[in-house]
Every structure is written in structure tokens, then in C-alpha cells.
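Encoded as C-alpha cells, the structure appears first; notes follow it.
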Amino acid sequence: QVGVASARVIDLLRHGAVAGGACFRGRRDDALSELGWQQLHEATAVEVQGRAPAWDRVLCSPSTRCAAFADWLCGRLGLSVERADALRERDFGAWEGLRADQIPERELAAFWADPLAFDPPGAEPFRDFRKRVVAGWRRMAGARAEHAKTLVITHGGVIRVILGEVLGIDARRLILLEVPH
């Protein structure tokens, strides 16, 4: 209708559970577990069952735990996947692959207390991570108007940063946002 702004919807979907269990996993390229595939199938099932696709654009992190499902889903929906480097998870440096109980307690406490002030050894600095994600988000949100419904398949840290940007949440508080599989 003339004079009515067209609505744009961007759905954020975190990848499912990953093979190898819970750990700090940024640059590690582990695959989804069977449970992870099941979680993503359930999260998108309503949209795949014989109706017009709910999305006209699918973006994902290039990580296997996001891209493998995005490829499968887009094959079902007749869409192309757009891999976006901005949607990669933060590189956790020396903490990659470690569970929380394997990290020195003092370091982990500093990380949880103020993720802006403490970066794990050798990690992508949080400020750089946030800058990368926010720049990517702004490109996605400002994309061509013909994409009314976009699905973004990415990671918990990326979703926290995007929600923080959209909702105006201080970066120090993002760690408090629960982003389950």
C-alpha cells in the first residue's frame, strides 16, 4: 500500500549443539552433533513443511556448525546461502576447546566480570569482535528492500552483540543474555 512502510523481519538462529560438548569454541570448526541437527530441524520445521518459504534470504557464519545446516535448509527452500565473515564467532585464543572448569579460575572470573576489560590470552579482542559484528549487522539490516524476511544462522556471541546493538544494552552486560541452542 502506498504510504505504508514495508516490514522487514530478521530472525536470529543459533546453531545447535556441537560434537565434542560444551567448550569455548570460536575458530574451532566442529560439526553439529546429532542433537544439534535435531534442534535446528525442530526450530525451522514449521517453515519447511510445504508452504511458501518463511525467508527470502539466508545468511550464515562460514563455520561448519552453521553453514552445513544453512546449506541443507536452503536446498529445501530453493534459496542460496550467503556466508558472512562478520557472523563468525569470536576467536577465544588459548581458551579454544577448553571447558570452563579447565580455565584458571582467576582468568575466568575476570572474563565473566568484565568481558570488555579482559580478553583470553591470544583471543580476538572483544572490542574488535564487536566492531566486526556490528558492521556486518548494519550491512545486513540495510540490505536491499526486496529481502523482507531474512534468517541469520550464527553463534551465541554474535547474537548477543546484535541484540545489544538493537536494544541498546551495554557491552559489559551482554554476557548476561542467555542464547540457548
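Letters for chains follow the order of the C-alpha cells (A, B, ...), residue numbers begin at 1 for each chain, and ligand numbers begin at 1 in the order shown.
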
Tell me, counting only C-alpha atoms, for each residue of range 13-50 of chain A within 12 Å of range 72-91 of chain A, which pair of atoms is nearest and how far apart they are in Å to one decimal, in rows ordered by chain and increasing number, as a tab-separated table.
residue	atom	partner	partner_atom	distance
A:Leu13	CA	A:Leu87	CA	11.5
A:Arg14	CA	A:Leu87	CA	10.9
A:His15	CA	A:Glu89	CA	11.1
A:Phe24	CA	A:Asp91	CA	8.9
A:Arg25	CA	A:Asp91	CA	7.6
A:Gly26	CA	A:Asp91	CA	4.5
A:Arg27	CA	A:Asp91	CA	5.2
A:Arg28	CA	A:Asp91	CA	8.3
A:Asp29	CA	A:Glu89	CA	10.4
A:Trp37	CA	A:Trp72	CA	10.4
A:Leu40	CA	A:Leu73	CA	9.5
A:His41	CA	A:Leu73	CA	8.7
A:Glu42	CA	A:Leu73	CA	11.9
A:Ala43	CA	A:Leu73	CA	11.3
A:Thr44	CA	A:Leu73	CA	8.5
A:Ala45	CA	A:Leu73	CA	9.8
A:Glu47	CA	A:Leu77	CA	9.0
A:Val48	CA	A:Leu77	CA	6.9
A:Gln49	CA	A:Arg76	CA	9.6
A:Gly50	CA	A:Leu77	CA	9.5

Selection file, N, CA and C atoms, as a PDB file, in the first residue's frame:
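Below you can see part-v3.pdb, which holds the result:
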ATOM      1  N   LEU A  13      19.084 -17.187  14.560  1.00  0.00           N
ATOM      2  CA  LEU A  13      19.037 -18.576  14.998  1.00  0.00           C
ATOM      3  C   LEU A  13      20.445 -19.028  15.349  1.00  0.00           C
ATOM      4  N   ARG A  14      20.608 -19.460  16.594  1.00  0.00           N
ATOM      5  CA  ARG A  14      21.903 -20.002  16.998  1.00  0.00           C
ATOM      6  C   ARG A  14      22.014 -21.440  16.506  1.00  0.00           C
ATOM      7  N   HIS A  15      23.220 -21.826  16.103  1.00  0.00           N
ATOM      8  CA  HIS A  15      23.451 -23.211  15.696  1.00  0.00           C
ATOM      9  C   HIS A  15      23.066 -24.148  16.836  1.00  0.00           C
ATOM     10  N   PHE A  24      34.738 -23.506  25.050  1.00  0.00           N
ATOM     11  CA  PHE A  24      34.948 -22.244  24.341  1.00  0.00           C
ATOM     12  C   PHE A  24      35.321 -22.608  22.907  1.00  0.00           C
ATOM     13  N   ARG A  25      34.450 -22.230  21.985  1.00  0.00           N
ATOM     14  CA  ARG A  25      34.603 -22.650  20.592  1.00  0.00           C
ATOM     15  C   ARG A  25      34.325 -21.441  19.712  1.00  0.00           C
ATOM     16  N   GLY A  26      35.378 -20.868  19.181  1.00  0.00           N
ATOM     17  CA  GLY A  26      35.234 -19.744  18.267  1.00  0.00           C
ATOM     18  C   GLY A  26      35.726 -20.146  16.896  1.00  0.00           C
ATOM     19  N   ARG A  27      37.042 -20.170  16.717  1.00  0.00           N
ATOM     20  CA  ARG A  27      37.601 -20.547  15.423  1.00  0.00           C
ATOM     21  C   ARG A  27      37.575 -22.058  15.191  1.00  0.00           C
ATOM     22  N   ARG A  28      37.441 -22.842  16.261  1.00  0.00           N
ATOM     23  CA  ARG A  28      37.316 -24.303  16.104  1.00  0.00           C
ATOM     24  C   ARG A  28      36.138 -24.597  15.198  1.00  0.00           C
ATOM     25  N   ASP A  29      36.343 -25.470  14.256  1.00  0.00           N
ATOM     26  CA  ASP A  29      35.299 -25.717  13.264  1.00  0.00           C
ATOM     27  C   ASP A  29      34.670 -27.089  13.452  1.00  0.00           C
ATOM     28  N   TRP A  37      21.623 -31.149  14.989  1.00  0.00           N
ATOM     29  CA  TRP A  37      20.816 -31.221  13.767  1.00  0.00           C
ATOM     30  C   TRP A  37      19.335 -31.276  14.123  1.00  0.00           C
ATOM     31  N   LEU A  40      17.961 -27.856  15.181  1.00  0.00           N
ATOM     32  CA  LEU A  40      17.760 -26.928  14.068  1.00  0.00           C
ATOM     33  C   LEU A  40      16.590 -27.357  13.182  1.00  0.00           C
ATOM     34  N   HIS A  41      16.430 -28.664  12.980  1.00  0.00           N
ATOM     35  CA  HIS A  41      15.266 -29.147  12.224  1.00  0.00           C
ATOM     36  C   HIS A  41      13.979 -28.734  12.937  1.00  0.00           C
ATOM     37  N   GLU A  42      13.946 -28.904  14.247  1.00  0.00           N
ATOM     38  CA  GLU A  42      12.751 -28.534  15.014  1.00  0.00           C
ATOM     39  C   GLU A  42      12.504 -27.028  14.972  1.00  0.00           C
ATOM     40  N   ALA A  43      13.568 -26.242  15.059  1.00  0.00           N
ATOM     41  CA  ALA A  43      13.422 -24.785  15.065  1.00  0.00           C
ATOM     42  C   ALA A  43      12.896 -24.245  13.736  1.00  0.00           C
ATOM     43  N   THR A  44      13.144 -24.961  12.648  1.00  0.00           N
ATOM     44  CA  THR A  44      12.740 -24.475  11.324  1.00  0.00           C
ATOM     45  C   THR A  44      11.650 -25.330  10.684  1.00  0.00           C
ATOM     46  N   ALA A  45      11.176 -26.369  11.358  1.00  0.00           N
ATOM     47  CA  ALA A  45      10.243 -27.330  10.757  1.00  0.00           C
ATOM     48  C   ALA A  45       8.977 -26.691  10.227  1.00  0.00           C
ATOM     49  N   GLU A  47       8.534 -23.911   9.012  1.00  0.00           N
ATOM     50  CA  GLU A  47       8.815 -23.106   7.824  1.00  0.00           C
ATOM     51  C   GLU A  47       9.105 -23.958   6.586  1.00  0.00           C
ATOM     52  N   VAL A  48       9.377 -25.231   6.756  1.00  0.00           N
ATOM     53  CA  VAL A  48       9.794 -26.078   5.641  1.00  0.00           C
ATOM     54  C   VAL A  48       8.645 -26.953   5.128  1.00  0.00           C
ATOM     55  N   GLN A  49       7.604 -27.121   5.888  1.00  0.00           N
ATOM     56  CA  GLN A  49       6.565 -28.096   5.585  1.00  0.00           C
ATOM     57  C   GLN A  49       5.578 -27.630   4.523  1.00  0.00           C
ATOM     58  N   GLY A  50       5.994 -27.633   3.282  1.00  0.00           N
ATOM     59  CA  GLY A  50       5.088 -27.472   2.166  1.00  0.00           C
ATOM     60  C   GLY A  50       4.483 -26.094   1.955  1.00  0.00           C
TER      61      GLY A  50
END

**OP:** Would you mind writing down, as a PyMOL selection string, each residue of range 10-142 of chain A that DSSP on the backbone assigns to alpha helix (DSSP H)?
**Re:** chain A and resi 34-48+64-77+105-113+126-141

Original post:
Which polymer residues have any atom within 12 Å of an atom of Lys131 in chain A, counting only C-alpha atoms, with same-chain residues fewer than 3 positions away left out, as a PyMOL selection string?
Top reply: chain A and resi 86-87+90+124-128+134-138+158+161-162+165+171

Same residues, N, CA, C and O atoms, saved as an mmCIF file, in the first residue's frame:
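Printed below is part-v5.cif as written:
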data_model
loop_
_atom_site.group_PDB
_atom_site.id
_atom_site.type_symbol
_atom_site.label_atom_id
_atom_site.label_comp_id
_atom_site.auth_asym_id
_atom_site.auth_seq_id
_atom_site.Cartn_x
_atom_site.Cartn_y
_atom_site.Cartn_z
ATOM 1 N N ALA A 86 31.422 -11.671 8.939
ATOM 2 C CA ALA A 86 31.048 -10.884 10.122
ATOM 3 C C ALA A 86 30.278 -11.725 11.136
ATOM 4 O O ALA A 86 30.208 -11.370 12.310
ATOM 5 N N LEU A 87 29.708 -12.849 10.702
ATOM 6 C CA LEU A 87 28.898 -13.702 11.578
ATOM 7 C C LEU A 87 29.710 -14.805 12.261
ATOM 8 O O LEU A 87 29.148 -15.625 12.979
ATOM 9 N N ARG A 90 33.602 -15.236 17.975
ATOM 10 C CA ARG A 90 34.854 -14.666 18.478
ATOM 11 C C ARG A 90 35.902 -15.770 18.622
ATOM 12 O O ARG A 90 35.604 -16.872 19.080
ATOM 13 N N GLU A 124 40.746 -12.897 19.998
ATOM 14 C CA GLU A 124 40.318 -11.703 19.292
ATOM 15 C C GLU A 124 39.799 -10.736 20.362
ATOM 16 O O GLU A 124 38.921 -11.102 21.151
ATOM 17 N N PRO A 125 40.340 -9.538 20.433
ATOM 18 C CA PRO A 125 39.858 -8.595 21.444
ATOM 19 C C PRO A 125 38.348 -8.368 21.290
ATOM 20 O O PRO A 125 37.832 -8.261 20.172
ATOM 21 N N PHE A 126 37.655 -8.305 22.431
ATOM 22 C CA PHE A 126 36.206 -8.143 22.378
ATOM 23 C C PHE A 126 35.815 -6.916 21.591
ATOM 24 O O PHE A 126 34.855 -6.940 20.827
ATOM 25 N N ARG A 127 36.540 -5.815 21.741
ATOM 26 C CA ARG A 127 36.203 -4.589 21.019
ATOM 27 C C ARG A 127 36.261 -4.813 19.505
ATOM 28 O O ARG A 127 35.419 -4.309 18.770
ATOM 29 N N ASP A 128 37.264 -5.572 19.033
ATOM 30 C CA ASP A 128 37.382 -5.878 17.604
ATOM 31 C C ASP A 128 36.240 -6.792 17.153
ATOM 32 O O ASP A 128 35.672 -6.613 16.074
ATOM 33 N N VAL A 134 28.982 -5.691 14.563
ATOM 34 C CA VAL A 134 28.085 -4.542 14.383
ATOM 35 C C VAL A 134 28.154 -4.026 12.954
ATOM 36 O O VAL A 134 27.112 -3.709 12.347
ATOM 37 N N ALA A 135 29.350 -3.961 12.373
ATOM 38 C CA ALA A 135 29.469 -3.515 10.977
ATOM 39 C C ALA A 135 28.719 -4.470 10.047
ATOM 40 O O ALA A 135 27.996 -4.031 9.142
ATOM 41 N N GLY A 136 28.850 -5.765 10.275
ATOM 42 C CA GLY A 136 28.128 -6.746 9.473
ATOM 43 C C GLY A 136 26.624 -6.641 9.659
ATOM 44 O O GLY A 136 25.852 -6.739 8.698
ATOM 45 N N TRP A 137 26.192 -6.452 10.900
ATOM 46 C CA TRP A 137 24.766 -6.290 11.191
ATOM 47 C C TRP A 137 24.197 -5.088 10.447
ATOM 48 O O TRP A 137 23.121 -5.164 9.852
ATOM 49 N N ARG A 138 24.909 -3.995 10.472
ATOM 50 C CA ARG A 138 24.414 -2.786 9.801
ATOM 51 C C ARG A 138 24.294 -3.002 8.293
ATOM 52 O O ARG A 138 23.339 -2.521 7.671
ATOM 53 N N VAL A 158 27.725 -13.768 18.718
ATOM 54 C CA VAL A 158 27.291 -12.850 17.657
ATOM 55 C C VAL A 158 25.876 -12.362 17.943
ATOM 56 O O VAL A 158 25.581 -11.163 17.830
ATOM 57 N N VAL A 161 25.836 -9.730 20.657
ATOM 58 C CA VAL A 161 26.289 -8.417 20.182
ATOM 59 C C VAL A 161 25.187 -7.736 19.367
ATOM 60 O O VAL A 161 24.922 -6.546 19.543
ATOM 61 N N ILE A 162 24.520 -8.491 18.486
ATOM 62 C CA ILE A 162 23.444 -7.906 17.677
ATOM 63 C C ILE A 162 22.305 -7.431 18.574
ATOM 64 O O ILE A 162 21.806 -6.310 18.417
ATOM 65 N N GLU A 165 23.230 -4.274 20.275
ATOM 66 C CA GLU A 165 23.159 -3.129 19.364
ATOM 67 C C GLU A 165 21.708 -2.681 19.158
ATOM 68 O O GLU A 165 21.401 -1.501 19.240
ATOM 69 N N ALA A 171 27.704 -3.162 26.456
ATOM 70 C CA ALA A 171 28.510 -4.318 26.065
ATOM 71 C C ALA A 171 28.967 -5.152 27.261
ATOM 72 O O ALA A 171 29.124 -6.369 27.156
#

**OP:** Could you tell me how far CA of Leu32 in chain A lies from CA of Ala70 in chain A, in Å and to one decimal?
**Re:** 11.9 Å

**OP:** Kindly give the distance, in Å, that separates CA of Asp114 in chain A and CA of His155 in chain A, rounded to a single decimal.
**Re:**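 Computing the Euclidean distance for CA of Asp114 in chain A and CA of His155 in chain A yields 20.1 Å.
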
Original post:
Separation of CA of Val152 in chain A and CA of Arg172 in chain A, in Å?
Top reply: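 It comes out at 23.7 Å.
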
Subject >> For Ile10 in chain A, the nearest of the candidates A:Pro180, A:Gly168, A:Gly156, A:Gly142, counting only C-alpha atoms >> reply: A:Gly142
